[in-house]
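*Asks:* Structure provided below as structure tokens; questions to follow.
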Amino acid sequence: MTFIDTNFWMGNWPFASIPENTGIENRRRLKRIGVAGAWVSSLDSVFQVDPMAGNRSVLEAIRNSRSILPLPVLNPGTPPWEDHLAALLQEPKVAVIRLMPAYHGYSLGSSSVRALVEKAVRARLRIVITARLVDERHEHRAISIKPVTVKALAGFIEEFPKLDPLIQGLNRHELEALAESNSAFLTDTSFAEWEDTLAVLKRFIPTRRILFGSLAPLQSLQAQVDKVRLSSLPALQREMVASGNARKFL
Amino acid sequence: MGEGRLRAEVGKLRRRAARFGIERMVSLGDVLVYGPSPNAKQLRAINDETAKIVSWEPDFFFGFCYLNPTLGERATLAEIDRCVGGLGFRGIKLEIANNARAACMKPVMKAAERYDVPVLQHTWSQTKIRLRSMHSDPEDTCLLARRHPNTRVIMAHLTGCGMRGVLAARHIDNLWVDTSGGSPEAGIVEYAVSNLGSRRVLYGSDLPIRDLPAAIGQVSGAEISRSDKNAIFHDNAARLLKLV
């Protein structure tokens with residue numbers, strides 16, 4: 001089974017040591033567990049004011065890789081986001097951009113998000129929205145970051161009905177609630193969990209709308225791979241989640 | 001949690017678990033079905049259901065006796081005698097009826113010592129939960145173990161307890177931590193092994209609210225030795241539950 005990880009990260013995380021999180025080491029790690037490709041964002045773009053430093057480090061790290069794609073982070077809450085977008089559009093490998101409203105303090109309903117989405121659509125970029133990176137129940141004491149709500153996501157989907165964004169980091173109950181209100185989105189496997197996760201998700205989200213995402217190295221890559229590989233779904237559907245749907249998304 | 005109470009569902013779960021090499025499983029009961037503080041009748045219903053599941057697959061399941069210590073010493077001891085003494089349950093399960101520091105825990109711990117069974121206490125590092133009277137932080141469960149050095153305590157949910165829980169659990173010989181909990185956080189199994197030693201880490205899945213292959217993969221994919229993995233997956237639990 002071929003895997004493409006749509007939710008893979010490099011860089012530094014302020015609350016735990018991530019050993020050897022370099023481009024080369026990550027390629028080795030992915031290969032060892034059987035993940036053939038990945039879309040990579042930088043953890044440095046999460047907490048640094050300027051997300052471009054992290055984006056540049058990803059672009060540099062994967063420059064010679066054909067199977068690993070950049071997933072740069074944009075922050076429409078900071079004024080130069082249009083310059084950042086323009087710079088990313090010069091990069092031939094950039095086909096997707098990531099928004100992180102919970103970490104960058106803006107609303108998905110804001111005028112800058114609307115402007116960014118319109119520009120991204122014109123440039124044929126796909127949009128990924130990070131709803132959460134960690135379980136908010138045991139976040140570091142010094143910070144308080146609430147995940148993007150189902151209501152905010154439903155409003156965003158309604159505003160851009162043809163966008164089909166990839167929404168990552170939702171749990172099973174949030175996905176069920178969002179799917180009830182609007183089905184025009186895709187999601188990943190990073191936070192969705194229940195016994196035989198894919199079989200449960202399939203009850204309310206078509207398998208063609210679920211992409212493999214590990215959230216490694218914050219989460220165990222092996223555990224996330226096994227969640228898909230050892231699901232009770234037929235092999236063809238597991239393959240779609242593992243990599244086929246990611247290819248189609250691009 | 002509403003799933004896994006029918007015989008067909010239990011059989012399906014057993015077959016899927018066996019496919020991944022699970023030989024035995026502890027059944028804890030649907031502990032929150034009546035809310036955080038069930039009355040005596042509700043408690044008996046939960047434990048009766050556990051007994052029923054064990055009776056369906058006696059070579060596979062062990063039962064743990066779920067308790068609400070706030071019901072008082074008499075009711076608590078009666079349920080322990082019924083379940084551990086009478087039904088052969090192999091341990092005691094505590095959830096969020098009270099904090100592990102509460103005085104009502106004393107008769108539970110004394111009875112566990114008398115029956116020589118472990119006490120599994122739900123525990124979570126509650127940096128964003130303000131329900132300390134009900135929930136137990138790692139430090140609460142660790143204090144419980146220190147107060148009762150002759151009783152074996154399992155601090156549930158390594159991923160929920162996090163690094164904070166591992167640090168709190170150092171140097172407590174009668175305390176184990178299980179690997180269940182939230183999403184499969186990378187590095188936490190390695191951190192537990194390096195701080196506590198693999199002998200004090202137990203594999204746990206938290207089924208059915210977590211994914212079984214992911215729960216296993218969190219341990220099998222950890223960068224620890226094969227013997228450490230064997231200890232976590234099998235040997236430690238076998239010793240703790242007196243299977244060897």
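Labeling convention for the structure tokens: chains A, B, ... as they appear, residues from 1 per chain, ligands from 1 in order of appearance.
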Which neighbours of Asn150 (chain B) fall inside 7 Å, counting only C-alpha atoms, when residues of the same chain fewer than 2 positions from it are skipped, and could you give them as a list in words?

*Replies:*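 Answer for this query is Glu113, His148 and Arg152 of chain B.
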
*Asks:* Using only C-alpha atoms, I'd like every residue of chain B that has an atom within 8 Å of chain A; please write them out as a VMD selection string.

*Replies:* chain B and resid 124 to 129 160 182 to 187 207 to 218 220 to 222

*Asks:* Could you write out the selected residues, including N, CA and C atoms, as a PDB file, in the first residue's frame?

*Replies:*
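Produced file result34.pdb, reproduced below:
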```
ATOM      1  N   TRP B 124      -5.564  12.221  33.968  1.00  0.00           N
ATOM      2  CA  TRP B 124      -5.325  13.095  32.808  1.00  0.00           C
ATOM      3  C   TRP B 124      -4.642  14.366  33.294  1.00  0.00           C
ATOM      4  N   SER B 125      -3.693  14.834  32.540  1.00  0.00           N
ATOM      5  CA  SER B 125      -3.054  16.107  32.874  1.00  0.00           C
ATOM      6  C   SER B 125      -3.998  17.227  32.481  1.00  0.00           C
ATOM      7  N   GLN B 126      -4.617  17.817  33.474  1.00  0.00           N
ATOM      8  CA  GLN B 126      -5.755  18.694  33.202  1.00  0.00           C
ATOM      9  C   GLN B 126      -5.375  20.163  33.140  1.00  0.00           C
ATOM     10  N   THR B 127      -4.513  20.494  32.220  1.00  0.00           N
ATOM     11  CA  THR B 127      -4.136  21.901  32.140  1.00  0.00           C
ATOM     12  C   THR B 127      -5.302  22.757  31.669  1.00  0.00           C
ATOM     13  N   LYS B 128      -6.245  22.159  30.973  1.00  0.00           N
ATOM     14  CA  LYS B 128      -7.387  22.937  30.471  1.00  0.00           C
ATOM     15  C   LYS B 128      -8.722  22.400  30.979  1.00  0.00           C
ATOM     16  N   ILE B 129      -8.701  21.576  32.005  1.00  0.00           N
ATOM     17  CA  ILE B 129      -9.950  21.068  32.578  1.00  0.00           C
ATOM     18  C   ILE B 129      -9.995  21.522  34.029  1.00  0.00           C
ATOM     19  N   GLY B 160      -2.624  11.072  27.825  1.00  0.00           N
ATOM     20  CA  GLY B 160      -3.341  12.123  28.550  1.00  0.00           C
ATOM     21  C   GLY B 160      -2.510  12.687  29.687  1.00  0.00           C
ATOM     22  N   GLY B 182      -5.232   9.751  24.525  1.00  0.00           N
ATOM     23  CA  GLY B 182      -5.610  10.542  23.357  1.00  0.00           C
ATOM     24  C   GLY B 182      -4.927  10.057  22.092  1.00  0.00           C
ATOM     25  N   SER B 183      -4.764  10.965  21.152  1.00  0.00           N
ATOM     26  CA  SER B 183      -4.118  10.615  19.888  1.00  0.00           C
ATOM     27  C   SER B 183      -2.712  10.083  20.146  1.00  0.00           C
ATOM     28  N   PRO B 184      -2.197   9.268  19.230  1.00  0.00           N
ATOM     29  CA  PRO B 184      -0.904   8.597  19.479  1.00  0.00           C
ATOM     30  C   PRO B 184       0.287   9.562  19.409  1.00  0.00           C
ATOM     31  N   GLU B 185       0.496  10.245  20.486  1.00  0.00           N
ATOM     32  CA  GLU B 185       1.567  11.252  20.552  1.00  0.00           C
ATOM     33  C   GLU B 185       2.931  10.585  20.338  1.00  0.00           C
ATOM     34  N   ALA B 186       3.716  11.171  19.477  1.00  0.00           N
ATOM     35  CA  ALA B 186       5.044  10.608  19.199  1.00  0.00           C
ATOM     36  C   ALA B 186       5.985  10.879  20.368  1.00  0.00           C
ATOM     37  N   GLY B 187       6.813   9.909  20.665  1.00  0.00           N
ATOM     38  CA  GLY B 187       7.872  10.102  21.653  1.00  0.00           C
ATOM     39  C   GLY B 187       7.481   9.858  23.090  1.00  0.00           C
ATOM     40  N   LEU B 207     -10.236   0.954  23.889  1.00  0.00           N
ATOM     41  CA  LEU B 207     -11.316   0.581  22.972  1.00  0.00           C
ATOM     42  C   LEU B 207     -12.665   0.775  23.654  1.00  0.00           C
ATOM     43  N   PRO B 208     -13.735   1.149  22.939  1.00  0.00           N
ATOM     44  CA  PRO B 208     -13.767   1.325  21.480  1.00  0.00           C
ATOM     45  C   PRO B 208     -13.575   2.777  21.041  1.00  0.00           C
ATOM     46  N   ILE B 209     -13.192   3.656  21.949  1.00  0.00           N
ATOM     47  CA  ILE B 209     -13.118   5.061  21.530  1.00  0.00           C
ATOM     48  C   ILE B 209     -11.785   5.402  20.871  1.00  0.00           C
ATOM     49  N   ARG B 210     -10.867   4.444  20.802  1.00  0.00           N
ATOM     50  CA  ARG B 210      -9.626   4.648  20.051  1.00  0.00           C
ATOM     51  C   ARG B 210      -9.482   3.523  19.024  1.00  0.00           C
ATOM     52  N   ASP B 211      -8.576   3.700  18.108  1.00  0.00           N
ATOM     53  CA  ASP B 211      -8.353   2.750  17.020  1.00  0.00           C
ATOM     54  C   ASP B 211      -7.341   1.695  17.473  1.00  0.00           C
ATOM     55  N   LEU B 212      -7.707   0.430  17.352  1.00  0.00           N
ATOM     56  CA  LEU B 212      -6.837  -0.637  17.863  1.00  0.00           C
ATOM     57  C   LEU B 212      -5.466  -0.689  17.173  1.00  0.00           C
ATOM     58  N   PRO B 213      -5.405  -0.715  15.831  1.00  0.00           N
ATOM     59  CA  PRO B 213      -4.062  -0.715  15.206  1.00  0.00           C
ATOM     60  C   PRO B 213      -3.229   0.512  15.572  1.00  0.00           C
ATOM     61  N   ALA B 214      -3.879   1.654  15.745  1.00  0.00           N
ATOM     62  CA  ALA B 214      -3.122   2.856  16.128  1.00  0.00           C
ATOM     63  C   ALA B 214      -2.570   2.713  17.545  1.00  0.00           C
ATOM     64  N   ALA B 215      -3.379   2.136  18.439  1.00  0.00           N
ATOM     65  CA  ALA B 215      -2.920   1.935  19.821  1.00  0.00           C
ATOM     66  C   ALA B 215      -1.714   0.996  19.862  1.00  0.00           C
ATOM     67  N   ILE B 216      -1.786  -0.047  19.045  1.00  0.00           N
ATOM     68  CA  ILE B 216      -0.654  -0.981  18.976  1.00  0.00           C
ATOM     69  C   ILE B 216       0.538  -0.316  18.297  1.00  0.00           C
ATOM     70  N   GLY B 217       0.260   0.398  17.213  1.00  0.00           N
ATOM     71  CA  GLY B 217       1.333   1.041  16.440  1.00  0.00           C
ATOM     72  C   GLY B 217       2.104   2.075  17.237  1.00  0.00           C
ATOM     73  N   GLN B 218       1.441   2.707  18.203  1.00  0.00           N
ATOM     74  CA  GLN B 218       2.149   3.695  19.024  1.00  0.00           C
ATOM     75  C   GLN B 218       3.294   3.040  19.800  1.00  0.00           C
ATOM     76  N   SER B 220       4.512  -0.330  18.957  1.00  0.00           N
ATOM     77  CA  SER B 220       5.386  -1.068  18.022  1.00  0.00           C
ATOM     78  C   SER B 220       6.281  -0.124  17.232  1.00  0.00           C
ATOM     79  N   GLY B 221       5.814   1.108  16.999  1.00  0.00           N
ATOM     80  CA  GLY B 221       6.610   2.074  16.240  1.00  0.00           C
ATOM     81  C   GLY B 221       7.550   2.900  17.106  1.00  0.00           C
ATOM     82  N   ALA B 222       7.496   2.707  18.418  1.00  0.00           N
ATOM     83  CA  ALA B 222       8.370   3.485  19.311  1.00  0.00           C
ATOM     84  C   ALA B 222       9.816   3.047  19.156  1.00  0.00           C
TER      85      ALA B 222
END
```

*Asks:* Quote the spacing between CA of Arg24 (chain B) and CA of Ala237 (chain B) in Å to one decimal place.

*Replies:*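 Spanning CA of Arg24 (chain B) to CA of Ala237 (chain B) is a straight-line distance of 9.8 Å.
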
*Asks:* So that I can see what lies close to region 3-5 of chain A, please list as an NGL selection string the residues with an atom at most 9 Å from it, counting only C-alpha atoms and leaving out residues fewer than 2 positions away in the same chain.

*Replies:* :A and (1 or 7-8 or 30 or 34-40 or 67-68 or 211-216 or 225 or 239 or 241-244 or 246-247)

*Asks:* Run DSSP on the backbone and tell me which residues of region 2-170 of chain B come out as alpha helix (DSSP H); list them as an MDAnalysis selection string.

*Replies:* chainID B and resid 7:19 40:56 73:80 105:115 138:147 158:168

*Asks:* DSSP on the backbone, then: every residue of region 105-233 of chain A marked strand (DSSP E), written as a list in words.

*Replies:*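 Residues of region 105-233 of chain A classed as strand (DSSP E): Arg126, Ile127, Val128, Ile129, Thr130, Leu166, Ile167, Gln168, Leu186, Thr187, Asp188, Ile210 and Leu211 of chain A.
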
*Asks:* For the residues in that selection, give me N, CA and C atoms as a compact mmCIF listing (two decimals), in the first residue's frame.

*Replies:*
```txt
# COMPACT_ATOMS: atom_id res chain seq x y z
N ARG A 126 -4.81 24.82 -3.97
CA ARG A 126 -5.77 24.21 -3.07
C ARG A 126 -5.52 24.70 -1.65
N ILE A 127 -6.58 24.63 -0.83
CA ILE A 127 -6.50 25.17 0.53
C ILE A 127 -6.60 24.05 1.56
N VAL A 128 -5.69 24.08 2.52
CA VAL A 128 -5.76 23.19 3.69
C VAL A 128 -6.00 24.06 4.92
N ILE A 129 -6.93 23.66 5.75
CA ILE A 129 -7.18 24.37 7.00
C ILE A 129 -6.83 23.45 8.17
N THR A 130 -5.98 23.93 9.07
CA THR A 130 -5.64 23.17 10.27
C THR A 130 -6.60 23.55 11.39
N LEU A 166 -9.43 21.04 2.25
CA LEU A 166 -9.02 19.88 3.06
C LEU A 166 -8.89 20.37 4.50
N ILE A 167 -9.75 19.87 5.38
CA ILE A 167 -9.77 20.32 6.77
C ILE A 167 -9.12 19.24 7.63
N GLN A 168 -8.04 19.60 8.29
CA GLN A 168 -7.26 18.61 9.04
C GLN A 168 -7.37 18.84 10.55
N LEU A 186 -13.04 17.99 2.38
CA LEU A 186 -12.28 16.76 2.56
C LEU A 186 -11.63 16.83 3.93
N THR A 187 -11.21 15.69 4.43
CA THR A 187 -10.58 15.70 5.74
C THR A 187 -9.43 14.70 5.80
N ASP A 188 -8.71 14.72 6.90
CA ASP A 188 -7.59 13.78 7.05
C ASP A 188 -7.80 12.89 8.27
N ILE A 210 -11.58 11.30 2.30
CA ILE A 210 -10.69 11.15 3.46
C ILE A 210 -9.26 10.92 2.96
N LEU A 211 -8.33 11.74 3.44
CA LEU A 211 -6.92 11.63 3.04
C LEU A 211 -6.08 11.22 4.24
```

*Asks:* Please report the interatomic distance between CA of Glu91 (chain A) and CA of Leu59 (chain A) in Å with one decimal.

*Replies:*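 According to the coordinates, CA of Glu91 (chain A) and CA of Leu59 (chain A) are separated by 8.5 Å.
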
*Asks:* Measuring atom to atom with only C-alpha atoms, identify which of B:Arg170, B:Leu120, B:Ala97, B:Phe61 is nearest to Ile22 (chain B).

*Replies:* B:Phe61

*Asks:* Quick check, in Å to one decimal: how far apart do CA of Leu77 (chain B) and CA of Ala112 (chain B) lie?

*Replies:*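 Separation of CA of Leu77 (chain B) and CA of Ala112 (chain B): 9.9 Å.
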
*Asks:* Identify which of the residues B:Arg74, B:Arg132, B:His122, B:Lys12 lies closest to Ile92 (chain B), counting only C-alpha atoms when measuring atom-to-atom distances.

*Replies:*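 Of the candidates, the smallest distance to Ile92 (chain B) is held by B:His122.
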
*Asks:* Point out the residue among A:Tyr106, A:Phe204, A:Phe156, A:Phe15 with the least atom-to-atom distance to Glu174 (chain A), counting only C-alpha atoms.

*Replies:* A:Phe204

*Asks:* Near Gly197 (chain B), within 12 Å and counting only C-alpha atoms, which residues show up once chain neighbours fewer than 4 positions away are dropped, as a list of chain:residue names?

*Replies:* B:Val166, B:Ala169, B:Arg170, B:His171, B:Ile172, B:Asp173, B:Leu175, B:Trp176, B:Val177, B:Val189, B:Glu190, B:Tyr191, B:Ala192, B:Val193, B:Val201, B:Leu202, B:Ile224, B:Ser225, B:Ser227, B:Asp228, B:Lys229, B:Ala231, B:Ile232, B:Asn236
